[in-house]
file data_30.cif (mmCIF, C-alpha atoms)
data_upload
#
loop_
_atom_site.label_atom_id
_atom_site.label_comp_id
_atom_site.auth_asym_id
_atom_site.auth_seq_id
_atom_site.Cartn_x
_atom_site.Cartn_y
_atom_site.Cartn_z
CA MET X 1 42.37 91.41 136.75
CA LYS X 2 45.91 91.24 135.45
CA ASN X 3 48.91 93.15 136.77
CA ASP X 4 49.36 95.08 133.53
CA ASP X 5 45.75 96.35 133.47
CA PRO X 6 45.76 100.12 132.73
CA ASN X 7 42.98 100.71 135.29
CA ILE X 8 45.29 99.66 138.14
CA ARG X 9 47.17 102.51 139.76
CA TRP X 10 50.14 101.30 141.77
CA VAL X 11 50.90 103.24 144.92
CA GLU X 12 54.35 103.19 146.45
CA GLU X 13 54.76 103.00 150.22
CA PRO X 14 55.94 106.41 151.45
CA GLU X 15 59.42 106.64 152.89
CA MET X 16 59.56 107.40 156.62
CA THR X 17 61.63 110.35 157.70
CA PHE X 18 64.28 110.00 160.40
CA LEU X 19 61.94 111.60 162.96
CA GLU X 20 59.12 109.19 162.06
CA LYS X 21 61.47 106.23 162.42
CA THR X 22 62.15 107.27 166.03
CA TYR X 23 58.39 107.25 166.79
CA LEU X 24 58.85 110.60 168.54
CA PRO X 25 55.80 112.28 166.91
CA LEU X 26 53.57 109.40 168.02
CA PHE X 27 54.97 109.61 171.54
CA VAL X 28 54.30 113.37 171.66
CA ASP X 29 50.73 112.86 170.36
CA GLY X 30 50.04 110.29 173.09
CA LEU X 31 51.54 112.50 175.77
CA THR X 32 49.45 115.51 174.73
CA THR X 33 46.29 113.37 174.87
CA THR X 34 47.22 112.26 178.39
CA LEU X 35 47.90 115.84 179.50
CA ARG X 36 44.64 117.03 177.99
CA HIS X 37 42.76 114.43 180.07
CA LEU X 38 44.71 115.36 183.19
CA VAL X 39 43.77 119.03 183.08
CA GLY X 40 40.34 118.59 181.47
CA ARG X 41 36.97 118.81 183.20
CA LYS X 42 36.10 115.74 185.27
CA VAL X 43 32.57 114.42 185.72
CA THR X 44 31.70 112.39 188.81
CA VAL X 45 28.41 110.52 189.01
CA GLN X 46 27.22 109.50 192.48
CA PHE X 47 26.02 106.03 191.51
CA PRO X 48 23.55 104.47 192.47
CA GLU X 49 21.76 107.60 193.74
CA GLU X 50 22.46 109.39 190.47
CA ARG X 51 22.20 107.53 187.16
CA HIS X 52 24.66 108.12 184.35
CA ARG X 53 23.09 109.88 181.35
CA PHE X 54 24.28 108.72 177.95
CA PRO X 55 24.82 111.44 175.35
CA GLU X 56 23.62 109.09 172.58
CA PRO X 57 21.46 106.39 174.22
CA LEU X 58 20.47 104.75 170.94
CA ARG X 59 24.13 103.86 170.39
CA TYR X 60 24.73 102.44 173.87
CA ARG X 61 24.66 98.65 174.10
CA GLY X 62 23.43 97.44 177.49
CA VAL X 63 21.10 94.65 178.60
CA HIS X 64 18.93 93.00 175.93
CA ARG X 65 15.16 93.11 175.70
CA LEU X 66 12.58 91.38 173.54
CA ASN X 67 10.05 93.84 172.13
CA ARG X 68 6.29 93.35 172.05
CA ASP X 69 4.06 94.27 169.11
CA GLU X 70 0.90 96.39 169.27
CA GLN X 71 -1.15 93.44 170.58
CA GLY X 72 1.33 92.77 173.41
CA ARG X 73 2.69 89.59 171.84
CA VAL X 74 6.39 88.84 171.49
CA LYS X 75 7.56 90.49 168.27
CA CYS X 76 10.08 87.73 167.47
CA VAL X 77 9.29 85.46 164.50
CA ALA X 78 11.91 82.81 165.45
CA CYS X 79 13.93 83.22 162.25
CA PHE X 80 17.21 82.42 164.09
CA LEU X 81 19.08 85.28 162.38
CA CYS X 82 20.15 86.76 165.73
CA ALA X 83 21.51 83.41 166.93
CA THR X 84 23.29 82.91 163.60
CA ALA X 85 24.84 86.39 163.63
CA CYS X 86 25.97 86.18 167.27
CA PRO X 87 29.79 85.78 167.39
CA ALA X 88 29.68 84.61 171.04
CA HIS X 89 26.97 81.99 170.39
CA CYS X 90 25.07 83.10 173.49
CA ILE X 91 21.53 83.06 172.02
CA ASP X 92 19.47 79.87 172.14
CA ILE X 93 16.02 79.75 170.51
CA GLU X 94 13.41 77.02 170.28
CA ALA X 95 10.67 77.67 167.74
CA ALA X 96 7.13 76.37 167.37
CA PRO X 97 4.31 76.98 164.89
CA SER X 98 2.64 80.28 165.62
CA PRO X 99 -0.92 80.37 166.99
CA TRP X 100 -1.36 83.72 165.18
CA SER X 101 -2.12 84.13 161.49
CA ASP X 102 0.40 86.95 160.82
CA ARG X 103 3.54 84.78 161.23
CA GLU X 104 4.67 81.21 160.73
CA LYS X 105 6.71 80.69 163.92
CA TYR X 106 7.26 82.20 167.32
CA PRO X 107 9.84 81.44 170.04
CA VAL X 108 8.72 78.99 172.70
CA ARG X 109 12.10 79.39 174.38
CA PHE X 110 14.47 82.35 173.91
CA ASN X 111 17.57 82.43 176.12
CA ILE X 112 20.52 84.82 176.16
CA ASP X 113 23.58 84.05 178.28
CA GLU X 114 24.50 87.57 179.40
CA LEU X 115 27.84 86.40 180.82
CA ARG X 116 28.88 85.04 177.46
CA CYS X 117 27.56 88.00 175.47
CA ILE X 118 30.06 90.58 174.20
CA PHE X 119 27.35 93.25 173.62
CA CYS X 120 28.39 93.78 170.02
CA GLY X 121 24.86 94.52 168.75
CA MET X 122 25.01 91.99 165.90
CA CYS X 123 21.74 90.38 167.07
CA GLU X 124 20.01 93.74 166.95
CA GLU X 125 21.35 94.45 163.45
CA ALA X 126 20.39 90.99 162.13
CA CYS X 127 16.79 91.00 163.37
CA PRO X 128 14.42 91.68 160.43
CA VAL X 129 11.47 92.66 162.66
CA ASN X 130 13.29 94.70 165.38
CA ALA X 131 12.33 92.15 168.02
CA ILE X 132 15.58 92.24 169.99
CA GLU X 133 17.21 95.46 171.15
CA LEU X 134 19.95 96.54 173.50
CA THR X 135 18.88 99.01 176.18
CA THR X 136 20.80 101.55 178.26
CA LEU X 137 20.52 99.39 181.40
CA TYR X 138 24.12 98.88 182.46
CA ASP X 139 23.96 97.73 186.09
CA LEU X 140 23.81 94.02 185.35
CA SER X 141 24.56 91.63 188.21
CA GLY X 142 23.53 88.27 189.57
CA HIS X 143 24.31 85.86 192.39
CA SER X 144 24.85 82.84 190.14
CA ARG X 145 25.50 81.92 186.54
CA GLU X 146 21.94 80.65 186.20
CA GLU X 147 20.58 84.11 187.08
CA MET X 148 22.55 85.59 184.20
CA ILE X 149 20.83 83.43 181.60
CA PHE X 150 17.89 85.62 180.59
CA ASP X 151 14.87 83.69 179.35
CA LYS X 152 11.98 84.99 177.24
CA GLU X 153 9.93 86.13 180.25
CA LYS X 154 12.83 88.09 181.74
CA LEU X 155 13.64 89.72 178.38
CA LEU X 156 9.99 90.71 177.95
CA SER X 157 9.92 92.10 181.50
CA ILE X 158 12.91 94.31 180.63
CA TYR X 159 10.84 95.63 177.72
CA ASP X 160 7.97 96.38 180.12
CA GLN X 161 10.39 98.26 182.42
CA THR X 162 12.04 100.32 179.67
CA LYS X 163 9.33 100.85 177.04
CA ASP X 164 8.25 104.27 178.37
CA ALA X 165 11.76 105.67 178.76
CA GLU X 166 13.20 103.99 175.67
CA PRO X 167 10.58 103.49 172.96
CA PRO X 168 11.38 100.53 170.70
CA LEU X 169 13.24 101.24 167.49
CA TRP X 170 10.22 100.26 165.37
CA MET X 171 8.14 102.91 167.19
CA LEU X 172 10.82 105.55 166.58
CA GLU X 173 11.04 104.60 162.90
CA ARG X 174 7.26 104.76 162.52
CA SER X 175 7.06 108.14 164.27
CA ALA X 176 10.00 109.42 162.19
CA SER X 177 8.12 108.52 159.03
CA ARG X 178 5.20 110.60 160.32
CA GLY X 179 7.52 113.51 161.06
CA ASP X 180 7.72 113.52 164.87
CA ALA X 181 11.07 111.72 165.23
CA ALA X 182 11.89 113.16 168.65
CA GLN X 183 8.96 111.35 170.26
CA GLY X 184 7.58 107.83 170.07
CA ASP X 185 3.94 106.72 170.26
CA THR X 186 4.14 106.78 174.05
CA GLY X 187 4.62 110.53 174.12
CA THR X 188 7.88 110.28 176.06
CA GLU X 189 11.24 111.38 174.80
CA ALA X 190 13.37 108.63 173.33
CA PRO X 191 16.82 109.29 174.89
CA GLY X 192 17.68 108.33 178.44
CA LEU X 193 16.19 105.95 180.94
CA ALA X 194 13.97 107.37 183.64
CA THR X 195 14.86 106.50 187.21
CA SER X 196 12.28 105.65 189.77
#

call {"tool": "encode", "arguments": {"input": "data_30.cif", "output": "structure tokens"}}
result
Amino acid sequence: MKNDDPNIRWVEEPEMTFLEKTYLPLFVDGLTTTLRHLVGRKVTVQFPEERHRFPEPLRYRGVHRLNRDEQGRVKCVACFLCATACPAHCIDIEAAPSPWSDREKYPVRFNIDELRCIFCGMCEEACPVNAIELTTLYDLSGHSREEMIFDKEKLLSIYDQTKDAEPPLWMLERSASRGDAAQGDTGTEAPGLATS
């Protein structure tokens, strides 16, 4: 495209007024936000006795899990898209030929370094089969760095812990296509994690 193309519309940068040059309006906006938070309603959660409820749990990005398919097998097809998309390079996968006829590969080893992870959700977005998801589990701790490297078994155990309270995304999509989007196949409501 050339500079004299008639389809180009040049926009001039607006001139700042004297008041805008002093940054006074921005200062007043920030101060009113602070005052609004000072006098606004406060919510205190008595953790760990009381768990925090997320208003939109499907948007919250907590601890990872590897989903299982209908037969109870790991849903991952070892395509390496999650590891490729990860900006922190915290996912390590080792693939092998699949013993099942419905896929070519499966992960023999699937590790996520939770200390290195920035919980951006890129792995979840990149996965073509919805095998990896981020849950609403937020109380993540460990006694050593080695404990914070989650292997395939630990990620699958997180799925087993959260599958009833947080149905996998593929279950929600399938139930939404049938018309009962508020509930998954398990018959439990999708939002929120049940406490035991």

call {"tool": "closest_residue", "arguments": {"input": "data_30.cif", "among": "X:Ala126, X:Tyr23, X:Leu140, X:Glu146", "to": "Thr84 (chain X)", "atoms": "only C-alpha atoms"}}
result
X:Ala126

call {"tool": "residues_around", "arguments": {"input": "data_30.cif", "residues": "Val77 (chain X)", "least_positions_apart": "5", "cutoff": "9 Å", "atoms": "only C-alpha atoms", "output": "NGL selection string"}}
result
:X and (95 or 98 or 103-107 or 129 or 131)

call {"tool": "residues_around", "arguments": {"input": "data_30.cif", "residues": "Asp151 (chain X)", "least_positions_apart": "3", "cutoff": "6 Å", "atoms": "all atoms listed in the file", "output": "short mmCIF file (atom, residue, chain, number, x, y, z; two decimals) with C-alpha atoms, in the coordinates of the input"}}
result
data_model
loop_
_atom_site.label_atom_id
_atom_site.label_comp_id
_atom_site.auth_asym_id
_atom_site.auth_seq_id
_atom_site.Cartn_x
_atom_site.Cartn_y
_atom_site.Cartn_z
CA PHE X 110 14.47 82.35 173.91
CA ASN X 111 17.57 82.43 176.12
CA LYS X 154 12.83 88.09 181.74
#

call {"tool": "atom_distance", "arguments": {"input": "data_30.cif", "atom1": "CA of Thr136 (chain X)", "atom2": "CA of Glu50 (chain X)"}}
result
14.6 Å

call {"tool": "residues_around", "arguments": {"input": "data_30.cif", "residues": "Ile112 (chain X)", "least_positions_apart": "6", "cutoff": "10 Å", "atoms": "only C-alpha atoms", "output": "list in words"}}
result
His64, Arg65, Ala83, His89, Cys90, Ile91, Asp92, Ile93, Met148, Ile149, Phe150, Asp151, Lys152 and Leu155 of chain X
